[in-house]
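> Contents of work_39.pdb (PDB, C-alpha atoms) are given next:
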```
ATOM      1  CA  MET A1094      24.436  22.227   5.164
ATOM      2  CA  SER A1095      24.940  21.207   8.761
ATOM      3  CA  ALA A1096      23.883  17.859  10.182
ATOM      4  CA  GLU A1097      20.987  19.594  11.976
ATOM      5  CA  GLU A1098      19.790  21.213   8.745
ATOM      6  CA  ASN A1099      20.022  17.892   6.892
ATOM      7  CA  MET A1100      17.986  16.143   9.604
ATOM      8  CA  ALA A1101      15.384  18.934   9.513
ATOM      9  CA  LEU A1102      15.121  18.562   5.713
ATOM     10  CA  ALA A1103      14.629  14.791   5.996
ATOM     11  CA  ARG A1104      11.937  15.309   8.669
ATOM     12  CA  ARG A1105      10.203  17.961   6.538
ATOM     13  CA  PHE A1106      10.189  15.591   3.544
ATOM     14  CA  MET A1107       8.811  12.663   5.547
ATOM     15  CA  GLU A1108       6.092  14.793   7.149
ATOM     16  CA  ALA A1109       5.118  16.295   3.774
ATOM     17  CA  ARG A1110       4.903  12.830   2.249
ATOM     18  CA  ILE A1111       2.676  11.558   5.066
ATOM     19  CA  LYS A1112       0.431  14.634   4.970
ATOM     20  CA  GLY A1113       0.133  14.490   1.175
ATOM     21  CA  ASP A1114       1.709  17.942   0.719
ATOM     22  CA  LEU A1115       2.915  17.570  -2.883
ATOM     23  CA  ASP A1116       4.335  21.109  -3.048
ATOM     24  CA  ALA A1117       6.542  20.483  -0.011
ATOM     25  CA  VAL A1118       7.579  17.068  -1.383
ATOM     26  CA  ASP A1119       8.501  18.709  -4.686
ATOM     27  CA  ASP A1120      10.399  21.485  -2.886
ATOM     28  CA  THR A1121      12.563  19.071  -0.877
ATOM     29  CA  LEU A1122      13.664  16.808  -3.754
ATOM     30  CA  ALA A1123      16.616  17.391  -6.068
ATOM     31  CA  PRO A1124      15.752  17.537  -9.795
ATOM     32  CA  ASP A1125      17.594  14.251 -10.389
ATOM     33  CA  PHE A1126      16.244  12.510  -7.279
ATOM     34  CA  VAL A1127      16.459   8.698  -7.295
ATOM     35  CA  ASN A1128      14.476   6.435  -4.986
ATOM     36  CA  HIS A1129      16.192   3.071  -4.545
ATOM     37  CA  THR A1130      13.178   1.670  -2.694
ATOM     38  CA  SER A1131       9.737   1.255  -4.221
ATOM     39  CA  LEU A1132       7.077   2.362  -1.753
ATOM     40  CA  LEU A1133       4.378   0.757  -3.841
ATOM     41  CA  SER A1134       4.897  -1.702  -6.642
ATOM     42  CA  VAL A1135       3.913   0.882  -9.256
ATOM     43  CA  GLN A1136       6.310   3.622  -8.237
ATOM     44  CA  GLU A1137       8.865   4.980 -10.672
ATOM     45  CA  PRO A1138      12.202   5.670  -8.965
ATOM     46  CA  ASP A1139      12.147   9.418  -9.662
ATOM     47  CA  ARG A1140      10.576  12.503  -8.076
ATOM     48  CA  GLU A1141       7.368  12.097 -10.119
ATOM     49  CA  GLY A1142       7.020   8.546  -8.810
ATOM     50  CA  VAL A1143       7.350   9.782  -5.232
ATOM     51  CA  LYS A1144       4.727  12.451  -5.835
ATOM     52  CA  ARG A1145       2.369   9.940  -7.499
ATOM     53  CA  VAL A1146       2.663   7.519  -4.563
ATOM     54  CA  THR A1147       2.276  10.388  -2.085
ATOM     55  CA  ALA A1148      -0.996  11.353  -3.789
ATOM     56  CA  GLN A1149      -2.172   7.698  -3.791
ATOM     57  CA  LEU A1150      -1.440   7.318  -0.092
ATOM     58  CA  SER A1151      -3.113  10.612   0.735
ATOM     59  CA  ALA A1152      -6.217   9.574  -1.212
ATOM     60  CA  ALA A1153      -6.382   6.197   0.558
ATOM     61  CA  VAL A1154      -5.762   7.108   4.208
ATOM     62  CA  SER A1155      -6.761   9.655   6.835
ATOM     63  CA  ASN A1156      -5.370  10.680  10.218
ATOM     64  CA  ALA A1157      -1.799  10.114   9.012
ATOM     65  CA  SER A1158       1.008  10.968  11.391
ATOM     66  CA  VAL A1159       4.718  10.265  11.541
ATOM     67  CA  HIS A1160       6.770   9.871  14.685
ATOM     68  CA  ILE A1161      10.533  10.161  14.289
ATOM     69  CA  GLU A1162      12.073   7.750  16.790
ATOM     70  CA  ASP A1163      15.759   8.166  15.917
ATOM     71  CA  GLN A1164      17.719  10.293  13.494
ATOM     72  CA  ILE A1165      21.435  10.341  12.799
ATOM     73  CA  ALA A1166      23.339  12.497  10.325
ATOM     74  CA  ALA A1167      26.872  12.069   9.045
ATOM     75  CA  GLY A1168      28.342  13.782   6.025
ATOM     76  CA  ASP A1169      25.693  14.032   3.325
ATOM     77  CA  LYS A1170      23.484  11.234   4.726
ATOM     78  CA  VAL A1171      20.637  11.175   7.222
ATOM     79  CA  VAL A1172      19.287   7.936   8.694
ATOM     80  CA  THR A1173      15.804   8.077  10.165
ATOM     81  CA  ARG A1174      13.874   5.433  12.078
ATOM     82  CA  SER A1175      10.192   6.275  12.169
ATOM     83  CA  VAL A1176       6.691   4.972  12.755
ATOM     84  CA  VAL A1177       3.770   6.115  10.624
ATOM     85  CA  HIS A1178       0.161   5.630  11.683
ATOM     86  CA  ALA A1179      -2.802   6.151   9.344
ATOM     87  CA  THR A1180      -6.369   4.930   8.984
ATOM     88  CA  HIS A1181      -7.019   3.092   5.708
ATOM     89  CA  ASP A1182     -10.547   4.379   5.155
ATOM     90  CA  ARG A1183     -10.660   6.393   1.939
ATOM     91  CA  GLY A1184      -9.537   4.377  -1.056
ATOM     92  CA  GLU A1185      -7.800   1.326  -2.443
ATOM     93  CA  LEU A1186      -4.114   0.910  -1.647
ATOM     94  CA  MET A1187      -1.947  -1.743  -3.331
ATOM     95  CA  GLY A1188      -5.089  -3.597  -4.361
ATOM     96  CA  VAL A1189      -6.528  -3.519  -0.836
ATOM     97  CA  ALA A1190      -9.978  -2.031  -0.357
ATOM     98  CA  PRO A1191     -10.359   0.435   2.509
ATOM     99  CA  SER A1192     -10.882  -1.479   5.731
ATOM    100  CA  GLY A1193     -11.079   1.282   8.327
ATOM    101  CA  ARG A1194      -8.113  -0.359  10.058
ATOM    102  CA  GLU A1195      -5.152   1.570  11.349
ATOM    103  CA  LEU A1196      -2.032   0.919   9.318
ATOM    104  CA  THR A1197       1.352   1.116  10.974
ATOM    105  CA  ASN A1198       4.558   1.420   9.015
ATOM    106  CA  ARG A1199       7.807   1.034  10.903
ATOM    107  CA  ALA A1200      10.616   2.174   8.647
ATOM    108  CA  ILE A1201      14.285   2.979   8.426
ATOM    109  CA  VAL A1202      15.162   5.418   5.665
ATOM    110  CA  VAL A1203      18.486   6.819   4.456
ATOM    111  CA  HIS A1204      18.529  10.122   2.589
ATOM    112  CA  ARG A1205      21.518  11.549   0.726
ATOM    113  CA  ILE A1206      21.399  15.320   0.632
ATOM    114  CA  VAL A1207      23.097  17.479  -1.971
ATOM    115  CA  GLU A1208      22.966  21.290  -1.919
ATOM    116  CA  GLY A1209      19.972  21.403   0.408
ATOM    117  CA  LYS A1210      17.856  18.889  -1.494
ATOM    118  CA  ILE A1211      17.264  15.161  -1.125
ATOM    119  CA  ALA A1212      19.082  13.473  -4.006
ATOM    120  CA  GLU A1213      18.632   9.789  -3.088
ATOM    121  CA  GLU A1214      16.563   7.618  -0.787
ATOM    122  CA  TRP A1215      16.909   4.030   0.441
ATOM    123  CA  GLY A1216      14.443   2.525   2.855
ATOM    124  CA  MET A1217      12.794  -0.480   4.363
ATOM    125  CA  GLY A1218       9.387  -0.569   6.008
ATOM    126  CA  THR A1219       6.636  -2.890   7.123
ATOM    127  CA  ILE A1220       3.696  -1.432   5.181
ATOM    128  CA  GLY A1221       4.183  -3.615   2.098
ATOM    129  CA  ALA A1222       3.939  -6.843   4.081
ATOM    130  CA  THR A1223       0.922  -5.550   6.003
ATOM    131  CA  LEU A1224      -0.944  -4.621   2.824
ATOM    132  CA  ARG A1225      -0.037  -7.902   1.107
ATOM    133  CA  LYS A1226      -1.451  -9.784   4.115
ATOM    134  CA  GLN A1227      -4.666  -7.748   4.018
ATOM    135  CA  ARG A1228      -4.992  -8.283   0.249
ATOM    136  CA  LEU A1229      -4.571 -12.034   0.764
ATOM    137  CA  GLU A1230      -7.245 -11.984   3.489
ATOM    138  CA  GLN A1231      -9.605 -10.132   1.122
ATOM    139  CA  GLU A1232      -8.924 -12.638  -1.661
ATOM    140  CA  ILE A1233      -9.612 -15.550   0.706
ATOM    141  CA  ARG A1234     -12.925 -13.985   1.799
ATOM    142  CA  GLU A1235     -13.912 -13.355  -1.834
ATOM    143  CA  ARG A1236     -13.051 -16.926  -2.823
ATOM    144  CA  GLU A1237     -15.098 -18.279   0.115
ATOM    145  CA  ARG A1238     -18.040 -16.066  -0.919
ATOM    146  CA  VAL A1239     -17.898 -17.319  -4.534
ATOM    147  CA  GLU A1240     -17.639 -20.955  -3.382
ATOM    148  CA  GLN A1241     -20.671 -20.465  -1.128
ATOM    149  CA  GLU A1242     -22.646 -18.971  -4.016
ATOM    150  CA  LEU A1243     -21.648 -21.921  -6.231
ATOM    151  CA  ARG A1244     -22.818 -24.404  -3.559
ATOM    152  CA  VAL A1245     -26.191 -22.636  -3.372
ATOM    153  CA  ALA A1246     -26.480 -22.571  -7.183
ATOM    154  CA  ARG A1247     -25.675 -26.328  -7.342
ATOM    155  CA  ARG A1248     -28.359 -27.096  -4.751
ATOM    156  CA  ILE A1249     -30.913 -25.020  -6.676
ATOM    157  CA  GLN A1250     -30.006 -26.752  -9.938
ATOM    158  CA  GLN A1251     -30.134 -30.213  -8.364
ATOM    159  CA  ALA A1252     -33.452 -29.453  -6.684
ATOM    160  CA  SER A1253     -34.955 -28.471 -10.038
ATOM    161  CA  LEU A1254     -33.948 -31.776 -11.676
ATOM    162  CA  PRO A1255     -36.251 -34.799 -11.427
ATOM    163  CA  GLU A1256     -35.076 -37.600  -9.153
ATOM    164  CA  LYS A1257     -35.325 -40.179 -11.944
ATOM    165  CA  VAL A1258     -35.420 -40.026 -15.691
ATOM    166  CA  PRO A1259     -39.005 -39.578 -16.772
ATOM    167  CA  GLU A1260     -40.521 -42.268 -18.974
ATOM    168  CA  LEU A1261     -42.442 -40.787 -21.834
ATOM    169  CA  GLU A1262     -44.554 -42.942 -24.087
ATOM    170  CA  GLY A1263     -42.946 -43.226 -27.516
ATOM    171  CA  TRP A1264     -39.634 -41.694 -26.398
ATOM    172  CA  GLN A1265     -36.341 -43.429 -25.762
ATOM    173  CA  ILE A1266     -33.703 -41.742 -23.668
TER     174      ILE A1266
END
```
Go ahead and render the structure in this file as structure tokens.


Amino acid sequence: MSAEENMALARRFMEARIKGDLDAVDDTLAPDFVNHTSLLSVQEPDREGVKRVTAQLSAAVSNASVHIEDQIAAGDKVVTRSVVHATHDRGELMGVAPSGRELTNRAIVVHRIVEGKIAEEWGMGTIGATLRKQRLEQEIRERERVEQELRVARRIQQASLPEKVPELEGWQI
């Protein structure tokens, strides 16, 4: 395939992944595809792992779009620098509850193409760090909520206790 065809294949794959088009994702990957970069911590490094993560992302976000900023092809490799925007409003993603916030993933991805299919992928993006930060923020808010509830419970318990030990005739405490 020509460099132009390889770049078009890489773009088609990235757009299918962002749109949640599992048939197009499946169609662009070689049978022995290997992903050297885990998109989410649960992803297996094969085509089924990519499809599983694609479905998870699609279920968790809306309004997803990808903008290809740069793309270079040489030999059997295509390097793509892109920015993905999506609204995290549908479901949990990497342990993060939907926030309604826009997520932005700036990424550089290398695809190796063999016989018109993507055989390997390497990549680096910002989404993992963003989601880890949001998960940490959620955990901090939850911890603060629990601590507040414990303070209220302590006050209620202390208010229900007598101020001094009662003295009952015939009893020793």

> Given all atoms listed in the file as the basis, pick out the residue of A:Ala1109, A:Leu1122, A:Leu1186, A:Ala1117 nearest to Val1207 of chain A.

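Going through A:Ala1109, A:Leu1122, A:Leu1186, A:Ala1117 one by one, the smallest distance to Val1207 of chain A is for A:Leu1122.
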
> Got a sec to check which residues sit within 12 Å of (21.1, 10.5, -8.6), counting only C-alpha atoms, and write them as a PyMOL selection string?

chain A and resi 1122-1129+1138-1140+1204-1207+1210-1215

> With the file shown as input, list the residues that the PyMOL selection byres ((chain A and resi 1154) around 8) selects, as a PyMOL selection string.

chain A and resi 1150-1153+1155-1157+1179-1184

> Report as a list in words all protein, DNA and RNA residues lying within 7 Å of segment 1096-1103 of chain A, evaluated on all atoms listed in the file, omitting residues in the same chain fewer than 3 positions from it.

Phe1106, Met1107, Ala1166, Ala1167, Val1171, His1204 and Ile1206 of chain A

> Pick the closest to Val1202 of chain A from A:Arg1236, A:Arg1145, A:Arg1104, A:Arg1225: which is it, counting only C-alpha atoms?

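So, comparing all the options, the nearest one is A:Arg1104.
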
> Measuring between all atoms listed in the file, which one of A:His1160, A:Arg1234, A:Lys1112, A:Arg1199 shows the shortest distance to Ala1222 of chain A?

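Closest candidate: A:Arg1199.
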
> Considering all atoms listed in the file, state which residue in the set A:Val1177, A:Ala1200, A:Val1189, A:Val1245 is at the smallest distance from Gln1231 of chain A.

A:Val1189

> Any idea what the distance is between atom CA of Met1217 of chain A and atom CA of Ile1201 of chain A?

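Answer for the atom CA of Met1217 of chain A to atom CA of Ile1201 of chain A separation: 5.5 Å.
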
> Name the closest residue to Glu1232 of chain A among the candidates A:Val1172, A:Ala1190, A:Arg1110, A:Asp1163; distances are taken between atoms, counting only C-alpha atoms.

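The answer is A:Ala1190, which sits nearest to Glu1232 of chain A.
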
> Go ahead and compute the interatomic distance for atom CA of Gly1193 of chain A and atom CA of Glu1162 of chain A, in Å to one decimal.

25.5 Å

> Any idea what the distance is between atom CA of Lys1170 of chain A and atom CA of Thr1130 of chain A?

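Between these atoms lies a distance of 15.9 Å.
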
> Of the residues A:Val1203, A:Lys1144, A:Gly1188, A:Leu1254, which is the one nearest to Ile1165 of chain A, using only C-alpha atoms?

A:Val1203

> Report, as JSON, the axis-aligned box around all atoms of segment 1181-1197 of chain A present in the file, extended by 6 Å on each side; give centre and edge lengths in Å to one decimal place.


```
{"center_x": -4.9, "center_y": 1.4, "center_z": 3.5, "size_x": 24.4, "size_y": 22.0, "size_z": 27.7}
```

> Excluding Ile1161 of chain A and any residue of its chain fewer than 4 positions from it, enumerate the residues within 8 Å of it, using all atoms listed in the file, and give them as a list in words.

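Selected residues are Arg1104, Thr1173, Arg1174, Ser1175 and Val1176 of chain A.
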